[in-house]
$ cat coords-v1.pdb   # PDB, C-alpha atoms and all ligand atoms
ATOM      1  CA  MET A 312     -31.029 -34.674 -68.382
ATOM      2  CA  ILE A 313     -31.431 -38.383 -67.752
ATOM      3  CA  GLU A 314     -32.950 -39.433 -64.466
ATOM      4  CA  ARG A 315     -31.285 -42.356 -62.736
ATOM      5  CA  GLY A 316     -33.548 -45.355 -62.328
ATOM      6  CA  LEU A 317     -33.325 -48.176 -59.820
ATOM      7  CA  LYS A 318     -31.017 -50.996 -60.929
ATOM      8  CA  ASP A 319     -30.951 -53.281 -57.902
ATOM      9  CA  VAL A 320     -31.763 -53.451 -54.192
ATOM     10  CA  VAL A 321     -29.367 -55.217 -51.841
ATOM     11  CA  THR A 322     -30.333 -56.574 -48.416
ATOM     12  CA  PRO A 323     -27.479 -56.153 -45.915
ATOM     13  CA  VAL A 324     -25.977 -59.357 -44.530
ATOM     14  CA  ALA A 325     -25.421 -59.732 -40.785
ATOM     15  CA  THR A 326     -21.746 -60.450 -40.214
ATOM     16  CA  SER A 327     -18.938 -60.023 -37.717
ATOM     17  CA  ASP A 328     -15.522 -58.421 -38.281
ATOM     18  CA  GLY A 329     -12.529 -57.144 -36.347
ATOM     19  CA  ALA A 330     -12.330 -58.818 -32.935
ATOM     20  CA  GLY A 331     -16.067 -59.526 -33.038
ATOM     21  CA  VAL A 332     -18.040 -56.448 -34.060
ATOM     22  CA  ARG A 333     -21.519 -57.303 -35.285
ATOM     23  CA  LEU A 334     -22.510 -55.310 -38.331
ATOM     24  CA  GLN A 335     -24.659 -55.250 -41.455
ATOM     25  CA  ARG A 336     -22.638 -55.566 -44.676
ATOM     26  CA  SER A 337     -23.984 -54.578 -48.093
ATOM     27  CA  ILE A 338     -20.791 -54.543 -50.197
ATOM     28  CA  ALA A 339     -17.955 -57.106 -49.814
ATOM     29  CA  THR A 340     -20.330 -60.058 -49.594
ATOM     30  CA  GLU A 341     -20.908 -63.178 -51.690
ATOM     31  CA  ARG A 342     -23.847 -61.369 -53.279
ATOM     32  CA  LEU A 343     -21.931 -58.180 -54.088
ATOM     33  CA  ASP A 344     -18.128 -58.326 -53.939
ATOM     34  CA  HIS A 345     -17.698 -54.705 -55.000
ATOM     35  CA  LEU A 346     -19.304 -51.944 -56.981
ATOM     36  CA  ASP A 347     -16.404 -50.140 -58.629
ATOM     37  CA  PRO A 348     -14.930 -48.106 -56.888
ATOM     38  CA  PHE A 349     -16.778 -49.090 -53.669
ATOM     39  CA  PHE A 350     -15.189 -52.182 -52.120
ATOM     40  CA  LEU A 351     -17.001 -52.333 -48.788
ATOM     41  CA  PHE A 352     -20.110 -50.916 -47.182
ATOM     42  CA  ASP A 353     -20.704 -51.626 -43.482
ATOM     43  CA  HIS A 354     -23.450 -50.323 -41.218
ATOM     44  CA  PHE A 355     -22.752 -50.859 -37.535
ATOM     45  CA  GLY A 356     -25.425 -50.103 -34.994
ATOM     46  CA  SER A 357     -26.404 -51.571 -31.649
ATOM     47  CA  GLU A 358     -27.572 -50.643 -28.172
ATOM     48  CA  ASN A 359     -25.726 -53.668 -26.810
ATOM     49  CA  ALA A 360     -22.047 -52.939 -26.038
ATOM     50  CA  ASN A 361     -21.232 -56.666 -26.450
ATOM     51  CA  ASP A 362     -21.969 -56.257 -30.157
ATOM     52  CA  TYR A 363     -19.155 -53.759 -30.696
ATOM     53  CA  VAL A 364     -16.817 -53.270 -27.741
ATOM     54  CA  ALA A 365     -14.198 -55.797 -28.998
ATOM     55  CA  GLY A 366     -13.543 -53.305 -31.799
ATOM     56  CA  PHE A 367     -10.934 -53.462 -34.523
ATOM     57  CA  PRO A 368      -7.506 -53.924 -32.863
ATOM     58  CA  MET A 369      -4.340 -52.906 -34.737
ATOM     59  CA  HIS A 370      -4.587 -53.908 -38.421
ATOM     60  CA  PRO A 371      -3.137 -52.754 -41.739
ATOM     61  CA  HIS A 372      -4.657 -51.203 -44.867
ATOM     62  CA  ARG A 373      -3.134 -50.558 -48.280
ATOM     63  CA  GLY A 374      -4.463 -49.369 -51.632
ATOM     64  CA  ILE A 375      -7.806 -47.936 -50.496
ATOM     65  CA  GLU A 376      -9.518 -45.126 -48.630
ATOM     66  CA  THR A 377     -11.639 -45.975 -45.589
ATOM     67  CA  ILE A 378     -14.368 -43.523 -44.675
ATOM     68  CA  THR A 379     -16.028 -43.690 -41.264
ATOM     69  CA  TYR A 380     -19.153 -41.647 -40.569
ATOM     70  CA  MET A 381     -20.621 -41.753 -37.080
ATOM     71  CA  LEU A 382     -24.299 -41.233 -36.294
ATOM     72  CA  ASP A 383     -24.097 -41.985 -32.592
ATOM     73  CA  GLY A 384     -21.577 -43.179 -30.032
ATOM     74  CA  SER A 385     -17.821 -42.826 -30.502
ATOM     75  CA  VAL A 386     -14.749 -44.667 -31.765
ATOM     76  CA  ALA A 387     -11.214 -44.086 -30.488
ATOM     77  CA  HIS A 388      -8.463 -44.496 -33.066
ATOM     78  CA  ARG A 389      -4.679 -44.403 -33.252
ATOM     79  CA  ASP A 390      -2.300 -45.269 -36.035
ATOM     80  CA  SER A 391       1.202 -45.627 -37.408
ATOM     81  CA  LEU A 392       1.196 -41.986 -38.581
ATOM     82  CA  GLY A 393       1.197 -40.996 -34.921
ATOM     83  CA  SER A 394      -2.357 -39.663 -35.017
ATOM     84  CA  SER A 395      -4.965 -40.498 -32.452
ATOM     85  CA  GLY A 396      -8.345 -39.185 -31.444
ATOM     86  CA  VAL A 397     -12.004 -39.935 -30.979
ATOM     87  CA  ILE A 398     -14.655 -39.665 -33.678
ATOM     88  CA  GLY A 399     -18.124 -39.047 -32.325
ATOM     89  CA  ALA A 400     -21.661 -38.449 -33.509
ATOM     90  CA  GLY A 401     -21.747 -36.606 -36.827
ATOM     91  CA  ASP A 402     -17.960 -36.747 -37.334
ATOM     92  CA  VAL A 403     -16.197 -38.165 -40.368
ATOM     93  CA  GLN A 404     -12.789 -39.708 -40.736
ATOM     94  CA  TRP A 405     -11.623 -39.929 -44.349
ATOM     95  CA  MET A 406      -8.498 -42.066 -44.282
ATOM     96  CA  THR A 407      -6.354 -42.547 -47.367
ATOM     97  CA  ALA A 408      -4.352 -45.692 -46.595
ATOM     98  CA  GLY A 409      -2.238 -45.392 -49.747
ATOM     99  CA  SER A 410       1.100 -47.191 -49.299
ATOM    100  CA  GLY A 411       0.035 -48.428 -45.882
ATOM    101  CA  ILE A 412      -1.038 -47.661 -42.370
ATOM    102  CA  LEU A 413      -1.545 -49.705 -39.235
ATOM    103  CA  HIS A 414      -4.399 -48.540 -37.067
ATOM    104  CA  GLU A 415      -6.905 -49.542 -34.450
ATOM    105  CA  GLU A 416     -10.540 -48.515 -34.256
ATOM    106  CA  MET A 417     -12.079 -49.148 -30.852
ATOM    107  CA  PRO A 418     -15.716 -48.249 -30.147
ATOM    108  CA  LYS A 419     -16.313 -46.828 -26.677
ATOM    109  CA  ILE A 420     -19.161 -47.930 -24.476
ATOM    110  CA  GLY A 421     -21.526 -44.977 -24.456
ATOM    111  CA  PRO A 422     -24.713 -43.895 -22.758
ATOM    112  CA  ARG A 423     -26.869 -44.726 -25.772
ATOM    113  CA  ARG A 424     -25.801 -46.748 -28.757
ATOM    114  CA  LEU A 425     -23.147 -47.065 -31.429
ATOM    115  CA  ASP A 426     -24.244 -46.233 -34.962
ATOM    116  CA  GLY A 427     -22.378 -45.449 -38.128
ATOM    117  CA  PHE A 428     -20.948 -46.504 -41.447
ATOM    118  CA  GLN A 429     -17.626 -47.555 -42.886
ATOM    119  CA  ILE A 430     -17.057 -47.487 -46.607
ATOM    120  CA  TRP A 431     -13.977 -48.428 -48.626
ATOM    121  CA  VAL A 432     -13.211 -46.616 -51.862
ATOM    122  CA  ASN A 433     -10.589 -48.146 -54.131
ATOM    123  CA  LEU A 434      -7.559 -46.095 -55.211
ATOM    124  CA  PRO A 435      -6.376 -46.078 -58.836
ATOM    125  CA  ALA A 436      -3.145 -47.941 -59.645
ATOM    126  CA  LYS A 437      -1.191 -44.680 -59.853
ATOM    127  CA  LEU A 438      -2.210 -43.721 -56.277
ATOM    128  CA  LYS A 439      -2.103 -47.108 -54.544
ATOM    129  CA  MET A 440       1.269 -46.295 -52.991
ATOM    130  CA  THR A 441       0.544 -42.621 -52.299
ATOM    131  CA  ARG A 442       1.453 -41.128 -48.931
ATOM    132  CA  PRO A 443      -1.172 -42.007 -46.301
ATOM    133  CA  ARG A 444      -3.258 -39.171 -44.882
ATOM    134  CA  TYR A 445      -6.253 -38.378 -42.734
ATOM    135  CA  GLN A 446      -8.965 -35.829 -43.129
ATOM    136  CA  ASP A 447     -10.587 -35.702 -39.714
ATOM    137  CA  VAL A 448     -13.795 -33.719 -40.009
ATOM    138  CA  PRO A 449     -15.703 -32.770 -36.853
ATOM    139  CA  SER A 450     -19.471 -32.619 -37.121
ATOM    140  CA  SER A 451     -19.397 -28.816 -36.765
ATOM    141  CA  ALA A 452     -17.359 -28.556 -39.990
ATOM    142  CA  ILE A 453     -19.852 -30.504 -42.116
ATOM    143  CA  PRO A 454     -22.189 -28.072 -43.905
ATOM    144  CA  GLU A 455     -25.914 -28.724 -43.592
ATOM    145  CA  VAL A 456     -28.249 -27.527 -46.335
ATOM    146  CA  ALA A 457     -31.847 -26.909 -45.246
ATOM    147  CA  ARG A 458     -34.213 -26.817 -48.223
ATOM    148  CA  PRO A 459     -37.551 -24.962 -48.061
ATOM    149  CA  ASP A 460     -39.469 -28.268 -48.236
ATOM    150  CA  GLY A 461     -37.904 -29.456 -44.981
ATOM    151  CA  ALA A 462     -35.148 -31.665 -46.432
ATOM    152  CA  ARG A 463     -31.903 -31.446 -44.470
ATOM    153  CA  ILE A 464     -28.721 -32.516 -46.212
ATOM    154  CA  ARG A 465     -25.332 -32.954 -44.537
ATOM    155  CA  VAL A 466     -22.671 -32.473 -47.202
ATOM    156  CA  VAL A 467     -19.727 -34.690 -46.300
ATOM    157  CA  ALA A 468     -18.355 -34.608 -49.864
ATOM    158  CA  GLY A 469     -19.628 -33.259 -53.173
ATOM    159  CA  GLU A 470     -21.842 -30.205 -53.578
ATOM    160  CA  VAL A 471     -25.495 -29.445 -52.826
ATOM    161  CA  ASP A 472     -27.201 -26.226 -53.955
ATOM    162  CA  GLY A 473     -23.792 -24.611 -54.418
ATOM    163  CA  VAL A 474     -22.576 -25.626 -50.951
ATOM    164  CA  PRO A 475     -19.309 -27.623 -51.153
ATOM    165  CA  GLY A 476     -18.727 -30.564 -48.851
ATOM    166  CA  ALA A 477     -16.263 -30.749 -46.002
ATOM    167  CA  VAL A 478     -14.001 -33.386 -47.585
ATOM    168  CA  ARG A 479     -12.202 -32.372 -50.772
ATOM    169  CA  GLU A 480      -9.315 -33.369 -53.048
ATOM    170  CA  ILE A 481     -10.329 -37.003 -53.260
ATOM    171  CA  PHE A 482      -9.416 -38.760 -56.506
ATOM    172  CA  ALA A 483     -12.771 -40.458 -57.106
ATOM    173  CA  GLY A 484     -14.603 -37.092 -56.988
ATOM    174  CA  PRO A 485     -17.064 -38.562 -54.520
ATOM    175  CA  THR A 486     -20.453 -37.397 -53.365
ATOM    176  CA  TYR A 487     -21.271 -38.355 -49.764
ATOM    177  CA  LEU A 488     -24.568 -36.937 -48.495
ATOM    178  CA  ASP A 489     -26.675 -37.725 -45.426
ATOM    179  CA  ILE A 490     -30.257 -36.758 -46.251
ATOM    180  CA  ALA A 491     -33.240 -36.449 -43.904
ATOM    181  CA  LEU A 492     -36.390 -36.153 -46.003
ATOM    182  CA  PRO A 493     -39.855 -35.429 -44.530
ATOM    183  CA  ALA A 494     -42.823 -37.645 -45.416
ATOM    184  CA  GLY A 495     -43.976 -37.324 -49.008
ATOM    185  CA  ARG A 496     -41.156 -34.973 -50.076
ATOM    186  CA  THR A 497     -38.860 -35.442 -53.065
ATOM    187  CA  PHE A 498     -35.093 -34.976 -53.055
ATOM    188  CA  GLU A 499     -33.405 -34.133 -56.316
ATOM    189  CA  GLN A 500     -29.660 -33.988 -56.827
ATOM    190  CA  PRO A 501     -27.407 -33.949 -59.890
ATOM    191  CA  VAL A 502     -24.824 -36.774 -59.924
ATOM    192  CA  PRO A 503     -22.126 -36.890 -62.611
ATOM    193  CA  ARG A 504     -22.974 -39.236 -65.463
ATOM    194  CA  GLY A 505     -20.747 -42.316 -65.449
ATOM    195  CA  HIS A 506     -20.310 -42.277 -61.675
ATOM    196  CA  THR A 507     -21.383 -45.297 -59.680
ATOM    197  CA  ALA A 508     -24.220 -44.139 -57.412
ATOM    198  CA  ILE A 509     -25.907 -45.836 -54.463
ATOM    199  CA  LEU A 510     -28.451 -45.001 -51.784
ATOM    200  CA  TYR A 511     -28.372 -46.538 -48.341
ATOM    201  CA  VAL A 512     -31.729 -46.170 -46.620
ATOM    202  CA  PHE A 513     -31.366 -46.414 -42.835
ATOM    203  CA  GLN A 514     -34.647 -44.877 -41.615
ATOM    204  CA  GLY A 515     -38.126 -45.037 -43.120
ATOM    205  CA  GLU A 516     -38.588 -45.827 -46.785
ATOM    206  CA  VAL A 517     -38.063 -44.236 -50.191
ATOM    207  CA  SER A 518     -38.817 -44.812 -53.848
ATOM    208  CA  VAL A 519     -36.596 -43.779 -56.712
ATOM    209  CA  GLY A 520     -37.328 -41.813 -59.875
ATOM    210  CA  GLY A 521     -40.342 -40.977 -61.935
ATOM    211  CA  ALA A 522     -43.434 -38.863 -61.339
ATOM    212  CA  ALA A 523     -45.826 -39.862 -58.558
ATOM    213  CA  PRO A 524     -47.978 -42.417 -60.457
ATOM    214  CA  SER A 525     -44.993 -44.337 -61.856
ATOM    215  CA  ARG A 526     -42.723 -44.369 -58.810
ATOM    216  CA  GLY A 527     -40.613 -47.432 -58.272
ATOM    217  CA  PRO A 528     -40.977 -50.001 -55.500
ATOM    218  CA  ALA A 529     -40.563 -48.986 -51.858
ATOM    219  CA  ILE A 530     -37.034 -49.391 -50.509
ATOM    220  CA  ARG A 531     -37.271 -49.867 -46.746
ATOM    221  CA  ALA A 532     -34.527 -49.377 -44.160
ATOM    222  CA  PRO A 533     -32.052 -50.986 -44.025
ATOM    223  CA  HIS A 534     -31.376 -51.539 -47.728
ATOM    224  CA  LEU A 535     -28.791 -50.500 -50.299
ATOM    225  CA  ALA A 536     -30.138 -49.335 -53.664
ATOM    226  CA  ILE A 537     -27.925 -49.346 -56.747
ATOM    227  CA  LEU A 538     -28.846 -46.667 -59.275
ATOM    228  CA  GLU A 539     -28.684 -46.771 -63.052
ATOM    229  CA  ASP A 540     -26.556 -44.252 -64.923
ATOM    230  CA  GLY A 541     -27.842 -40.738 -65.578
ATOM    231  CA  ASP A 542     -27.430 -37.096 -64.572
ATOM    232  CA  VAL A 543     -29.893 -36.643 -61.746
ATOM    233  CA  VAL A 544     -31.238 -38.639 -58.819
ATOM    234  CA  ARG A 545     -34.803 -38.202 -57.611
ATOM    235  CA  VAL A 546     -35.813 -39.836 -54.333
ATOM    236  CA  HIS A 547     -39.287 -39.737 -52.744
ATOM    237  CA  ALA A 548     -39.786 -40.252 -49.005
ATOM    238  CA  GLY A 549     -42.518 -42.612 -47.818
ATOM    239  CA  GLY A 550     -45.279 -41.806 -45.339
ATOM    240  CA  ALA A 551     -42.988 -41.771 -42.300
ATOM    241  CA  GLY A 552     -40.181 -39.804 -43.946
ATOM    242  CA  ALA A 553     -36.745 -41.240 -44.553
ATOM    243  CA  ARG A 554     -33.071 -40.838 -43.856
ATOM    244  CA  PHE A 555     -30.523 -42.157 -46.313
ATOM    245  CA  LEU A 556     -27.017 -41.752 -47.663
ATOM    246  CA  LEU A 557     -26.385 -40.875 -51.299
ATOM    247  CA  LEU A 558     -22.909 -41.872 -52.453
ATOM    248  CA  SER A 559     -21.340 -41.560 -55.853
ATOM    249  CA  ALA A 560     -17.808 -41.908 -57.207
ATOM    250  CA  GLN A 561     -15.951 -42.414 -60.448
ATOM    251  CA  PRO A 562     -15.372 -46.082 -61.289
ATOM    252  CA  LEU A 563     -11.728 -47.060 -61.932
ATOM    253  CA  ARG A 564     -12.202 -49.963 -64.408
ATOM    254  CA  GLU A 565      -8.827 -51.433 -63.440
ATOM    255  CA  PRO A 566      -7.836 -54.989 -62.512
ATOM    256  CA  TYR A 567      -8.064 -55.616 -58.780
ATOM    257  CA  ALA A 568      -6.927 -58.134 -56.203
ATOM    258  CA  ARG A 569      -8.477 -58.036 -52.739
ATOM    259  CA  TYR A 570      -7.181 -59.748 -49.649
ATOM    260  CA  GLY A 571      -8.564 -58.776 -46.232
ATOM    261  CA  PRO A 572      -7.724 -55.104 -45.629
ATOM    262  CA  PHE A 573      -5.772 -54.700 -48.903
ATOM    263  CA  VAL A 574      -7.067 -53.907 -52.374
ATOM    264  CA  MET A 575      -4.327 -53.892 -55.006
ATOM    265  CA  ASN A 576      -4.194 -54.484 -58.759
ATOM    266  CA  THR A 577      -2.433 -57.859 -58.799
ATOM    267  CA  ARG A 578      -1.956 -60.985 -56.647
ATOM    268  CA  GLU A 579       1.793 -60.213 -56.621
ATOM    269  CA  GLU A 580       1.144 -56.852 -54.960
ATOM    270  CA  ILE A 581      -0.938 -58.580 -52.277
ATOM    271  CA  ALA A 582       1.885 -61.089 -51.664
ATOM    272  CA  GLU A 583       4.306 -58.160 -51.438
ATOM    273  CA  ALA A 584       2.136 -56.404 -48.828
ATOM    274  CA  LEU A 585       2.003 -59.583 -46.723
ATOM    275  CA  ALA A 586       5.764 -60.148 -47.042
ATOM    276  CA  GLU A 587       6.440 -56.533 -46.015
ATOM    277  CA  LEU A 588       4.157 -56.936 -42.990
ATOM    278  CA  ARG A 589       6.144 -59.998 -41.900
ATOM    279  CA  ALA A 590       9.469 -58.245 -42.540
ATOM    280  CA  GLY A 591       8.453 -55.066 -40.715
ATOM    281  CA  THR A 592       8.840 -52.911 -43.844
ATOM    282  CA  PHE A 593       5.130 -52.361 -44.524
ATOM    283  CA  ILE A 594       5.063 -48.767 -43.261
ATOM    284  CA  LYS A 595       6.958 -46.451 -45.613
ATOM    285  CA  PRO A 596       9.044 -43.623 -44.155
TER     286      PRO A 596
HETATM  287 MN    MN B   1      -9.436 -50.171 -40.494
END

$ encode --input "coords-v1.pdb" --output "structure tokens"
Amino acid sequence: MIERGLKDVVTPVATSDGAGVRLQRSIATERLDHLDPFFLFDHFGSENANDYVAGFPMHPHRGIETITYMLDGSVAHRDSLGSSGVIGAGDVQWMTAGSGILHEEMPKIGPRRLDGFQIWVNLPAKLKMTRPRYQDVPSSAIPEVARPDGARIRVVAGEVDGVPGAVREIFAGPTYLDIALPAGRTFEQPVPRGHTAILYVFQGEVSVGGAAPSRGPAIRAPHLAILEDGDVVRVHAGGAGARFLLLSAQPLREPYARYGPFVMNTREEIAEALAELRAGTFIKP
């Protein structure tokens, strides 16, 4: 068993997207364009409605999956598949854009704050034009594993201590865990060798790998940590405890072309998507 070490730590970049939503971006920046198969990592969070209420009006996606995980507040959505709804605290929306969808994602002004994550996972060439679909997962359907040492793990995708996650049948075989770890405790989790694996620390601080005397540097919230290859991840919580996401997925190692909300394999396929949008043939029957 090889333990995964720490490869790099990325500081999120403050940016604005959609009609003017302020967010912290860790992947899809000048510093880190992508981390195969992850093509975007956004953390949105604010107590100020002006930072998010403009939302993401109707826009297309093709060739990727977009995964939205809410910590607080809510986002209303509707799309060209005819679906609509509201995702709230603890809910997940796993959207496979495939051949194409048009949707809007509009945060609602709430009593507290808006907090959550959106991640894009690339689709392999053979599935780029697959039929679009949603897996809408309410918070109550996401299993939570409580370990004897006080760690609490929400299993969005993947498997923890034999408990399978709520989201299944995803090509990249992803792990998506939300882990709350008490002060001084260690979280250990197998992750398939060869998978790209990242941590996103959003509360407290952690260190990665090794026995106590040789632990790595502190990774403080909010930071993205990129892990080296191996079979197992070991994360230690700092003195105030920590909360973080652990994500892993199989890299595609295919050519890619990104333009806005599209990730395809070639420039020609991007041009085709844009031409179809103009012609009104983007959405496939
Ligand atoms: Mn979108």

$ resolve_selection --input "coords-v1.pdb" --expression "the PyMOL selection byres (((not hetatm)) within 12 of (chain B and resi 1))" --output "PDB file with C-alpha atoms, keeping the file's coordinate frame"
ATOM      1  CA  ASP A 328     -15.522 -58.421 -38.281  1.00  0.00           C
ATOM      2  CA  GLY A 329     -12.529 -57.144 -36.347  1.00  0.00           C
ATOM      3  CA  ALA A 330     -12.330 -58.818 -32.935  1.00  0.00           C
ATOM      4  CA  LEU A 351     -17.001 -52.333 -48.788  1.00  0.00           C
ATOM      5  CA  ASP A 353     -20.704 -51.626 -43.482  1.00  0.00           C
ATOM      6  CA  GLY A 366     -13.543 -53.305 -31.799  1.00  0.00           C
ATOM      7  CA  PHE A 367     -10.934 -53.462 -34.523  1.00  0.00           C
ATOM      8  CA  PRO A 368      -7.506 -53.924 -32.863  1.00  0.00           C
ATOM      9  CA  MET A 369      -4.340 -52.906 -34.737  1.00  0.00           C
ATOM     10  CA  HIS A 370      -4.587 -53.908 -38.421  1.00  0.00           C
ATOM     11  CA  PRO A 371      -3.137 -52.754 -41.739  1.00  0.00           C
ATOM     12  CA  HIS A 372      -4.657 -51.203 -44.867  1.00  0.00           C
ATOM     13  CA  ARG A 373      -3.134 -50.558 -48.280  1.00  0.00           C
ATOM     14  CA  ILE A 375      -7.806 -47.936 -50.496  1.00  0.00           C
ATOM     15  CA  GLU A 376      -9.518 -45.126 -48.630  1.00  0.00           C
ATOM     16  CA  THR A 377     -11.639 -45.975 -45.589  1.00  0.00           C
ATOM     17  CA  ILE A 378     -14.368 -43.523 -44.675  1.00  0.00           C
ATOM     18  CA  THR A 379     -16.028 -43.690 -41.264  1.00  0.00           C
ATOM     19  CA  VAL A 386     -14.749 -44.667 -31.765  1.00  0.00           C
ATOM     20  CA  ALA A 387     -11.214 -44.086 -30.488  1.00  0.00           C
ATOM     21  CA  HIS A 388      -8.463 -44.496 -33.066  1.00  0.00           C
ATOM     22  CA  ARG A 389      -4.679 -44.403 -33.252  1.00  0.00           C
ATOM     23  CA  ASP A 390      -2.300 -45.269 -36.035  1.00  0.00           C
ATOM     24  CA  SER A 391       1.202 -45.627 -37.408  1.00  0.00           C
ATOM     25  CA  GLN A 404     -12.789 -39.708 -40.736  1.00  0.00           C
ATOM     26  CA  TRP A 405     -11.623 -39.929 -44.349  1.00  0.00           C
ATOM     27  CA  MET A 406      -8.498 -42.066 -44.282  1.00  0.00           C
ATOM     28  CA  THR A 407      -6.354 -42.547 -47.367  1.00  0.00           C
ATOM     29  CA  ALA A 408      -4.352 -45.692 -46.595  1.00  0.00           C
ATOM     30  CA  GLY A 411       0.035 -48.428 -45.882  1.00  0.00           C
ATOM     31  CA  ILE A 412      -1.038 -47.661 -42.370  1.00  0.00           C
ATOM     32  CA  LEU A 413      -1.545 -49.705 -39.235  1.00  0.00           C
ATOM     33  CA  HIS A 414      -4.399 -48.540 -37.067  1.00  0.00           C
ATOM     34  CA  GLU A 415      -6.905 -49.542 -34.450  1.00  0.00           C
ATOM     35  CA  GLU A 416     -10.540 -48.515 -34.256  1.00  0.00           C
ATOM     36  CA  MET A 417     -12.079 -49.148 -30.852  1.00  0.00           C
ATOM     37  CA  GLN A 429     -17.626 -47.555 -42.886  1.00  0.00           C
ATOM     38  CA  ILE A 430     -17.057 -47.487 -46.607  1.00  0.00           C
ATOM     39  CA  TRP A 431     -13.977 -48.428 -48.626  1.00  0.00           C
ATOM     40  CA  GLY A 571      -8.564 -58.776 -46.232  1.00  0.00           C
ATOM     41  CA  PRO A 572      -7.724 -55.104 -45.629  1.00  0.00           C
ATOM     42  CA  PHE A 573      -5.772 -54.700 -48.903  1.00  0.00           C
TER      43      PHE A 573
END

$ residues_around --input "coords-v1.pdb" --residues "range 575-591 of chain A" --least-positions-apart "5" --cutoff "10 Å" --atoms "all atoms listed in the file" --output "VMD selection string"
chain A and resid 371 to 375 410 to 411 413 433 to 436 439 to 440 565 to 570

$ closest_residue --input "coords-v1.pdb" --among "A:Gly356, A:Gly399, A:Pro348, A:Gly520" --to "Gly505 in chain A" --atoms "all atoms listed in the file"
A:Pro348

$ atom_distance --input "coords-v1.pdb" --atom1 "CA of Val364 in chain A" --atom2 "CA of Val574 in chain A"
26.5 Å

$ resolve_selection --input "coords-v1.pdb" --expression "the PyMOL selection byres (((chain A and resi 451) around 12) and not hetatm)" --output "ChimeraX atom specification"
/A:399-403,447-450,452-455,465-467,477

$ resolve_selection --input "coords-v1.pdb" --expression "the PyMOL selection byres (((chain A and resi 530-537) around 6) and not hetatm)" --output "PyMOL selection string"
chain A and resi 318-322+509-518+529+538

$ atom_distance --input "coords-v1.pdb" --atom1 "CA of Arg504 in chain A" --atom2 "CA of Asp542 in chain A"
5.0 Å

$ closest_residue --input "coords-v1.pdb" --among "A:Gln335, A:Phe350, A:His506, A:Phe555" --to "Asp540 in chain A" --atoms "only C-alpha atoms"
A:His506

$ atom_distance --input "coords-v1.pdb" --atom1 "CA of Val456 in chain A" --atom2 "CA of Phe482 in chain A"
24.2 Å

$ closest_residue --input "coords-v1.pdb" --among "A:Leu346, A:Leu382, A:Ile398, A:Ala339" --to "Arg564 in chain A" --atoms "only C-alpha atoms"
A:Leu346

$ residues_around --input "coords-v1.pdb" --residues "Gly484 in chain A" --least-positions-apart "3" --cutoff "7 Å" --atoms "all atoms listed in the file" --output "short mmCIF file (atom, residue, chain, number, x, y, z; two decimals) with C-alpha atoms, keeping the file's coordinate frame"
data_model
loop_
_atom_site.label_atom_id
_atom_site.label_comp_id
_atom_site.auth_asym_id
_atom_site.auth_seq_id
_atom_site.Cartn_x
_atom_site.Cartn_y
_atom_site.Cartn_z
CA ILE A 481 -10.33 -37.00 -53.26
CA ALA A 560 -17.81 -41.91 -57.21
CA GLN A 561 -15.95 -42.41 -60.45
#
